[in-house]
Protein chains: 2
Amino acid sequence: MPVAGDTPAAASAATCLDAVAWDERGLAPAIAQDAGSGRVLMLAWMNRDALAASIASGFATYWSRSRAQLWRKGESSGHRQRIVDMRLDCDGDTLLLQVEQMGGIACHTGRASCFYRALDAAAGGDCWTVRDPVLKNPDDIYSHE
Amino acid sequence: MPVAGDTPAAASAATCLDAVAWDERGLAPAIAQDAGSGRVLMLAWMNRDALAASIASGFATYWSRSRAQLWRKGESSGHRQRIVDMRLDCDGDTLLLQVEQMGGIACHTGRASCFYRALDAAAGGDCWTVRDPVLKNPDDIYSHE
């Protein structure tokens, strides 16, 4: 029930957040898929605040487990992800975002997708083989200062 | 280095498994994507044994966290997933499988994909709205005995 200060939109957003089966850390994996190409770009994590920020802003915001803080994807690189559609899976513990990937680069290595290594078990040795090109030098992505 | 009893193929497979940054539970999320439609079907988890079985068999095998055992996807439903391509992400902790989905149904609810609920925050109330039809009654999927 809305309390003083709550707007109907805020109450609705809380309902959306409550529907997610957050894990014991309060997190859920979120898959980002390119809405145009269908390519899976990355997997990151959201907590309640990250999902709320994603819904409110329309741009993907994750929870950085390594930095233990909200991660507004693209904040430093410019490679933001505009959310076109968001899905929840059958058991409610995984999110799927269809995104418009700014700059066409989702990965910090400068590649379109973070999934740029393919299994080539028959080859022996290095069985995860790099298949996708670097589109932009990471030094150029993150050297804005 | 191979030891007595190891085959080159086994040694190679071990290298592939070692390259994965398994989490503190020994797991990594694995995304299954339909190789034809590009649709993201589900997210499940793998441990070393599940990945080894997937590579060896060519069919997706996961680790069921709820049952704490290997889960040969489709073993009871027939909805197996033939692996067409497998990818590892930049930090090595997430797998992406391109699969041929037998029966065109990945979800235990009888739907093509587990991601059948879409966010419709503007609608209020139930903000995750079912968008995809049930293709087959789950009772008919799992009542083989």
# chains A, B, ... in the order shown; residues from 1 in each chain; ligands from 1
>>> select_by_dssp(residues="chain A", states="alpha helix (DSSP H)", output="list in words")
Pro8, Ala9, Ala10, Ala11, Ser12, Ala13, Ala14, Thr15, Cys16, Leu17, Asp18, Arg48, Asp49, Ala50, Leu51, Ala52, Ala53, Ser54, Ile55, Ala56, Ser57, Pro138, Asp139, Asp140, Ile141 and Tyr142 of chain A
>>> interface_residues(of="chain A", to="chain B", cutoff="6 Å", atoms="only C-alpha atoms", output="list in words")
Ser12, Cys16, Gly38, Met86, Arg87, Leu88, Asp89, Cys90, Cys114, Phe115, Arg117, Ala118, Leu119, Gly124 and Cys127 of chain A
>>> write_last_selection(atoms="C-alpha atoms", output="PDB file, in the first residue's frame")
ATOM      1  CA  SER A  12       4.510  -0.280  -9.122  1.00  0.00           C
ATOM      2  CA  CYS A  16       8.380  -5.379 -10.123  1.00  0.00           C
ATOM      3  CA  GLY A  38      20.294 -10.852 -31.409  1.00  0.00           C
ATOM      4  CA  MET A  86      13.268  -6.634 -20.248  1.00  0.00           C
ATOM      5  CA  ARG A  87      12.290 -10.208 -19.425  1.00  0.00           C
ATOM      6  CA  LEU A  88      12.158 -12.359 -16.309  1.00  0.00           C
ATOM      7  CA  ASP A  89      12.552 -16.112 -16.492  1.00  0.00           C
ATOM      8  CA  CYS A  90      10.222 -18.846 -15.280  1.00  0.00           C
ATOM      9  CA  CYS A 114      32.157 -10.363 -24.166  1.00  0.00           C
ATOM     10  CA  PHE A 115      31.625 -13.870 -25.587  1.00  0.00           C
ATOM     11  CA  ARG A 117      36.160 -16.978 -27.258  1.00  0.00           C
ATOM     12  CA  ALA A 118      34.836 -20.200 -28.775  1.00  0.00           C
ATOM     13  CA  LEU A 119      35.404 -23.767 -27.722  1.00  0.00           C
ATOM     14  CA  GLY A 124      43.925 -29.212 -28.344  1.00  0.00           C
ATOM     15  CA  CYS A 127      40.816 -24.725 -26.488  1.00  0.00           C
TER      16      CYS A 127
END
>>> select_by_dssp(residues="chain B", states="strand (DSSP E or B)", output="ChimeraX atom specification")
/B:28-34,40-46,59,61-64,69-72,81-88,95-101,117-119,128-130
>>> residues_around(residues="B:Gly74", least_positions_apart="6", cutoff="12 Å", atoms="only C-alpha atoms", output="PDB file with all heavy atoms, in the first residue's frame")
ATOM      1  N   PHE B  59      25.708 -32.512 -26.102  1.00  0.00           N
ATOM      2  CA  PHE B  59      24.381 -32.063 -25.646  1.00  0.00           C
ATOM      3  C   PHE B  59      24.519 -31.379 -24.288  1.00  0.00           C
ATOM      4  O   PHE B  59      25.318 -31.800 -23.439  1.00  0.00           O
ATOM      5  CB  PHE B  59      23.424 -33.254 -25.535  1.00  0.00           C
ATOM      6  CG  PHE B  59      22.956 -33.777 -26.867  1.00  0.00           C
ATOM      7  CD1 PHE B  59      23.685 -34.748 -27.535  1.00  0.00           C
ATOM      8  CD2 PHE B  59      21.804 -33.276 -27.463  1.00  0.00           C
ATOM      9  CE1 PHE B  59      23.280 -35.217 -28.780  1.00  0.00           C
ATOM     10  CE2 PHE B  59      21.390 -33.740 -28.700  1.00  0.00           C
ATOM     11  CZ  PHE B  59      22.118 -34.712 -29.361  1.00  0.00           C
ATOM     12  N   ALA B  60      23.706 -30.333 -24.089  1.00  0.00           N
ATOM     13  CA  ALA B  60      23.818 -29.532 -22.875  1.00  0.00           C
ATOM     14  C   ALA B  60      23.501 -30.361 -21.640  1.00  0.00           C
ATOM     15  O   ALA B  60      22.448 -30.993 -21.555  1.00  0.00           O
ATOM     16  CB  ALA B  60      22.888 -28.328 -22.950  1.00  0.00           C
ATOM     17  N   THR B  61      24.455 -30.340 -20.718  1.00  0.00           N
ATOM     18  CA  THR B  61      24.287 -30.955 -19.403  1.00  0.00           C
ATOM     19  C   THR B  61      24.589 -29.881 -18.364  1.00  0.00           C
ATOM     20  O   THR B  61      25.640 -29.229 -18.443  1.00  0.00           O
ATOM     21  CB  THR B  61      25.239 -32.144 -19.222  1.00  0.00           C
ATOM     22  OG1 THR B  61      24.973 -33.125 -20.237  1.00  0.00           O
ATOM     23  CG2 THR B  61      25.059 -32.784 -17.859  1.00  0.00           C
ATOM     24  N   TYR B  62      23.663 -29.689 -17.445  1.00  0.00           N
ATOM     25  CA  TYR B  62      23.835 -28.657 -16.431  1.00  0.00           C
ATOM     26  C   TYR B  62      23.992 -29.293 -15.051  1.00  0.00           C
ATOM     27  O   TYR B  62      23.885 -30.521 -14.888  1.00  0.00           O
ATOM     28  CB  TYR B  62      22.619 -27.713 -16.437  1.00  0.00           C
ATOM     29  CG  TYR B  62      22.358 -27.064 -17.772  1.00  0.00           C
ATOM     30  CD1 TYR B  62      21.297 -27.473 -18.593  1.00  0.00           C
ATOM     31  CD2 TYR B  62      23.172 -26.040 -18.235  1.00  0.00           C
ATOM     32  CE1 TYR B  62      21.057 -26.870 -19.828  1.00  0.00           C
ATOM     33  CE2 TYR B  62      22.945 -25.435 -19.467  1.00  0.00           C
ATOM     34  CZ  TYR B  62      21.887 -25.857 -20.256  1.00  0.00           C
ATOM     35  OH  TYR B  62      21.662 -25.260 -21.475  1.00  0.00           O
ATOM     36  N   ARG B  80      16.025 -32.046 -25.536  1.00  0.00           N
ATOM     37  CA  ARG B  80      17.468 -31.929 -25.422  1.00  0.00           C
ATOM     38  C   ARG B  80      17.981 -30.733 -26.218  1.00  0.00           C
ATOM     39  O   ARG B  80      17.283 -30.183 -27.065  1.00  0.00           O
ATOM     40  CB  ARG B  80      18.137 -33.224 -25.923  1.00  0.00           C
ATOM     41  CG  ARG B  80      17.702 -34.455 -25.117  1.00  0.00           C
ATOM     42  CD  ARG B  80      18.705 -35.578 -25.233  1.00  0.00           C
ATOM     43  NE  ARG B  80      18.878 -36.027 -26.604  1.00  0.00           N
ATOM     44  CZ  ARG B  80      19.886 -36.812 -27.008  1.00  0.00           C
ATOM     45  NH1 ARG B  80      20.801 -37.211 -26.144  1.00  0.00           N
ATOM     46  NH2 ARG B  80      19.967 -37.206 -28.263  1.00  0.00           N
ATOM     47  N   GLN B  81      19.206 -30.363 -25.910  1.00  0.00           N
ATOM     48  CA  GLN B  81      19.818 -29.220 -26.584  1.00  0.00           C
ATOM     49  C   GLN B  81      21.136 -29.660 -27.211  1.00  0.00           C
ATOM     50  O   GLN B  81      22.116 -29.893 -26.499  1.00  0.00           O
ATOM     51  CB  GLN B  81      20.065 -28.078 -25.584  1.00  0.00           C
ATOM     52  CG  GLN B  81      18.776 -27.548 -24.969  1.00  0.00           C
ATOM     53  CD  GLN B  81      19.011 -26.483 -23.911  1.00  0.00           C
ATOM     54  OE1 GLN B  81      20.039 -26.481 -23.247  1.00  0.00           O
ATOM     55  NE2 GLN B  81      18.044 -25.586 -23.743  1.00  0.00           N
ATOM     56  N   ARG B  82      21.154 -29.756 -28.530  1.00  0.00           N
ATOM     57  CA  ARG B  82      22.400 -30.111 -29.214  1.00  0.00           C
ATOM     58  C   ARG B  82      23.268 -28.859 -29.326  1.00  0.00           C
ATOM     59  O   ARG B  82      22.798 -27.814 -29.796  1.00  0.00           O
ATOM     60  CB  ARG B  82      22.117 -30.675 -30.610  1.00  0.00           C
ATOM     61  CG  ARG B  82      23.340 -31.340 -31.244  1.00  0.00           C
ATOM     62  CD  ARG B  82      23.007 -32.016 -32.557  1.00  0.00           C
ATOM     63  NE  ARG B  82      22.725 -31.041 -33.598  1.00  0.00           N
ATOM     64  CZ  ARG B  82      23.656 -30.346 -34.262  1.00  0.00           C
ATOM     65  NH1 ARG B  82      24.949 -30.526 -33.997  1.00  0.00           N
ATOM     66  NH2 ARG B  82      23.320 -29.479 -35.195  1.00  0.00           N
ATOM     67  N   GLN B 101      17.447 -26.621 -30.245  1.00  0.00           N
ATOM     68  CA  GLN B 101      16.516 -27.017 -29.188  1.00  0.00           C
ATOM     69  C   GLN B 101      15.525 -28.051 -29.720  1.00  0.00           C
ATOM     70  O   GLN B 101      14.662 -27.733 -30.534  1.00  0.00           O
ATOM     71  CB  GLN B 101      15.784 -25.782 -28.658  1.00  0.00           C
ATOM     72  CG  GLN B 101      14.710 -26.078 -27.624  1.00  0.00           C
ATOM     73  CD  GLN B 101      15.286 -26.694 -26.370  1.00  0.00           C
ATOM     74  OE1 GLN B 101      16.104 -26.094 -25.692  1.00  0.00           O
ATOM     75  NE2 GLN B 101      14.868 -27.922 -26.046  1.00  0.00           N
ATOM     76  N   MET B 102      15.660 -29.276 -29.232  1.00  0.00           N
ATOM     77  CA  MET B 102      14.739 -30.326 -29.668  1.00  0.00           C
ATOM     78  C   MET B 102      13.311 -29.983 -29.229  1.00  0.00           C
ATOM     79  O   MET B 102      13.096 -29.535 -28.105  1.00  0.00           O
ATOM     80  CB  MET B 102      15.131 -31.677 -29.060  1.00  0.00           C
ATOM     81  CG  MET B 102      16.575 -32.082 -29.279  1.00  0.00           C
ATOM     82  SD  MET B 102      16.956 -32.378 -31.022  1.00  0.00           S
ATOM     83  CE  MET B 102      18.740 -32.210 -31.045  1.00  0.00           C
ATOM     84  N   GLY B 103      12.365 -30.187 -30.114  1.00  0.00           N
ATOM     85  CA  GLY B 103      10.967 -29.928 -29.798  1.00  0.00           C
ATOM     86  C   GLY B 103      10.594 -28.459 -29.764  1.00  0.00           C
ATOM     87  O   GLY B 103       9.412 -28.133 -29.594  1.00  0.00           O
ATOM     88  N   GLY B 104      11.587 -27.595 -29.910  1.00  0.00           N
ATOM     89  CA  GLY B 104      11.299 -26.157 -29.897  1.00  0.00           C
ATOM     90  C   GLY B 104      10.824 -25.636 -28.562  1.00  0.00           C
ATOM     91  O   GLY B 104      10.264 -24.535 -28.475  1.00  0.00           O
ATOM     92  N   ILE B 105      11.030 -26.406 -27.507  1.00  0.00           N
ATOM     93  CA  ILE B 105      10.568 -26.025 -26.167  1.00  0.00           C
ATOM     94  C   ILE B 105      11.728 -26.186 -25.192  1.00  0.00           C
ATOM     95  O   ILE B 105      12.221 -27.298 -24.998  1.00  0.00           O
ATOM     96  CB  ILE B 105       9.380 -26.903 -25.715  1.00  0.00           C
ATOM     97  CG1 ILE B 105       8.172 -26.646 -26.613  1.00  0.00           C
ATOM     98  CG2 ILE B 105       9.044 -26.652 -24.248  1.00  0.00           C
ATOM     99  CD1 ILE B 105       6.988 -27.578 -26.324  1.00  0.00           C
ATOM    100  N   ALA B 106      12.131 -25.059 -24.582  1.00  0.00           N
ATOM    101  CA  ALA B 106      13.211 -25.128 -23.592  1.00  0.00           C
ATOM    102  C   ALA B 106      12.672 -25.103 -22.169  1.00  0.00           C
ATOM    103  O   ALA B 106      13.302 -25.595 -21.251  1.00  0.00           O
ATOM    104  CB  ALA B 106      14.186 -23.964 -23.786  1.00  0.00           C
ATOM    105  N   CYS B 107      11.493 -24.504 -21.982  1.00  0.00           N
ATOM    106  CA  CYS B 107      10.999 -24.217 -20.628  1.00  0.00           C
ATOM    107  C   CYS B 107      10.109 -25.340 -20.094  1.00  0.00           C
ATOM    108  O   CYS B 107       9.308 -25.912 -20.839  1.00  0.00           O
ATOM    109  CB  CYS B 107      10.234 -22.902 -20.632  1.00  0.00           C
ATOM    110  SG  CYS B 107       9.811 -22.325 -18.971  1.00  0.00           S
ATOM    111  N   HIS B 108      10.226 -25.576 -18.805  1.00  0.00           N
ATOM    112  CA  HIS B 108       9.419 -26.632 -18.173  1.00  0.00           C
ATOM    113  C   HIS B 108       7.934 -26.256 -18.147  1.00  0.00           C
ATOM    114  O   HIS B 108       7.091 -27.099 -17.859  1.00  0.00           O
ATOM    115  CB  HIS B 108       9.907 -26.898 -16.749  1.00  0.00           C
ATOM    116  CG  HIS B 108       9.523 -25.845 -15.759  1.00  0.00           C
ATOM    117  ND1 HIS B 108      10.107 -24.588 -15.745  1.00  0.00           N
ATOM    118  CD2 HIS B 108       8.603 -25.838 -14.781  1.00  0.00           C
ATOM    119  CE1 HIS B 108       9.557 -23.882 -14.772  1.00  0.00           C
ATOM    120  NE2 HIS B 108       8.640 -24.601 -14.172  1.00  0.00           N
ATOM    121  N   ILE B 141       4.292 -33.172 -21.259  1.00  0.00           N
ATOM    122  CA  ILE B 141       5.745 -33.234 -21.475  1.00  0.00           C
ATOM    123  C   ILE B 141       6.380 -34.263 -20.549  1.00  0.00           C
ATOM    124  O   ILE B 141       7.251 -35.019 -20.948  1.00  0.00           O
ATOM    125  CB  ILE B 141       6.395 -31.847 -21.216  1.00  0.00           C
ATOM    126  CG1 ILE B 141       5.879 -30.813 -22.217  1.00  0.00           C
ATOM    127  CG2 ILE B 141       7.923 -31.944 -21.282  1.00  0.00           C
ATOM    128  CD1 ILE B 141       6.404 -29.414 -21.982  1.00  0.00           C
ATOM    129  N   TYR B 142       5.901 -34.283 -19.304  1.00  0.00           N
ATOM    130  CA  TYR B 142       6.599 -35.068 -18.280  1.00  0.00           C
ATOM    131  C   TYR B 142       5.891 -36.358 -17.878  1.00  0.00           C
ATOM    132  O   TYR B 142       6.309 -37.032 -16.962  1.00  0.00           O
ATOM    133  CB  TYR B 142       6.861 -34.198 -17.049  1.00  0.00           C
ATOM    134  CG  TYR B 142       7.789 -33.051 -17.343  1.00  0.00           C
ATOM    135  CD1 TYR B 142       7.300 -31.774 -17.572  1.00  0.00           C
ATOM    136  CD2 TYR B 142       9.163 -33.269 -17.437  1.00  0.00           C
ATOM    137  CE1 TYR B 142       8.167 -30.718 -17.861  1.00  0.00           C
ATOM    138  CE2 TYR B 142      10.024 -32.237 -17.726  1.00  0.00           C
ATOM    139  CZ  TYR B 142       9.520 -30.952 -17.935  1.00  0.00           C
ATOM    140  OH  TYR B 142      10.373 -29.928 -18.226  1.00  0.00           O
TER     141      TYR B 142
END
>>> atom_distance(atom1="atom CA of B:Gln69", atom2="atom CA of B:Trp45")
11.1 Å
>>> atom_distance(atom1="atom CA of A:Val99", atom2="atom CA of A:Gly36")
8.2 Å
>>> atom_distance(atom1="atom CA of B:Pro133", atom2="atom CA of B:Gly110")
8.4 Å
>>> closest_residue(among="B:Ile83, B:Val134, B:Ala112, B:Leu27", to="B:Ser54", atoms="only C-alpha atoms")
B:Ile83
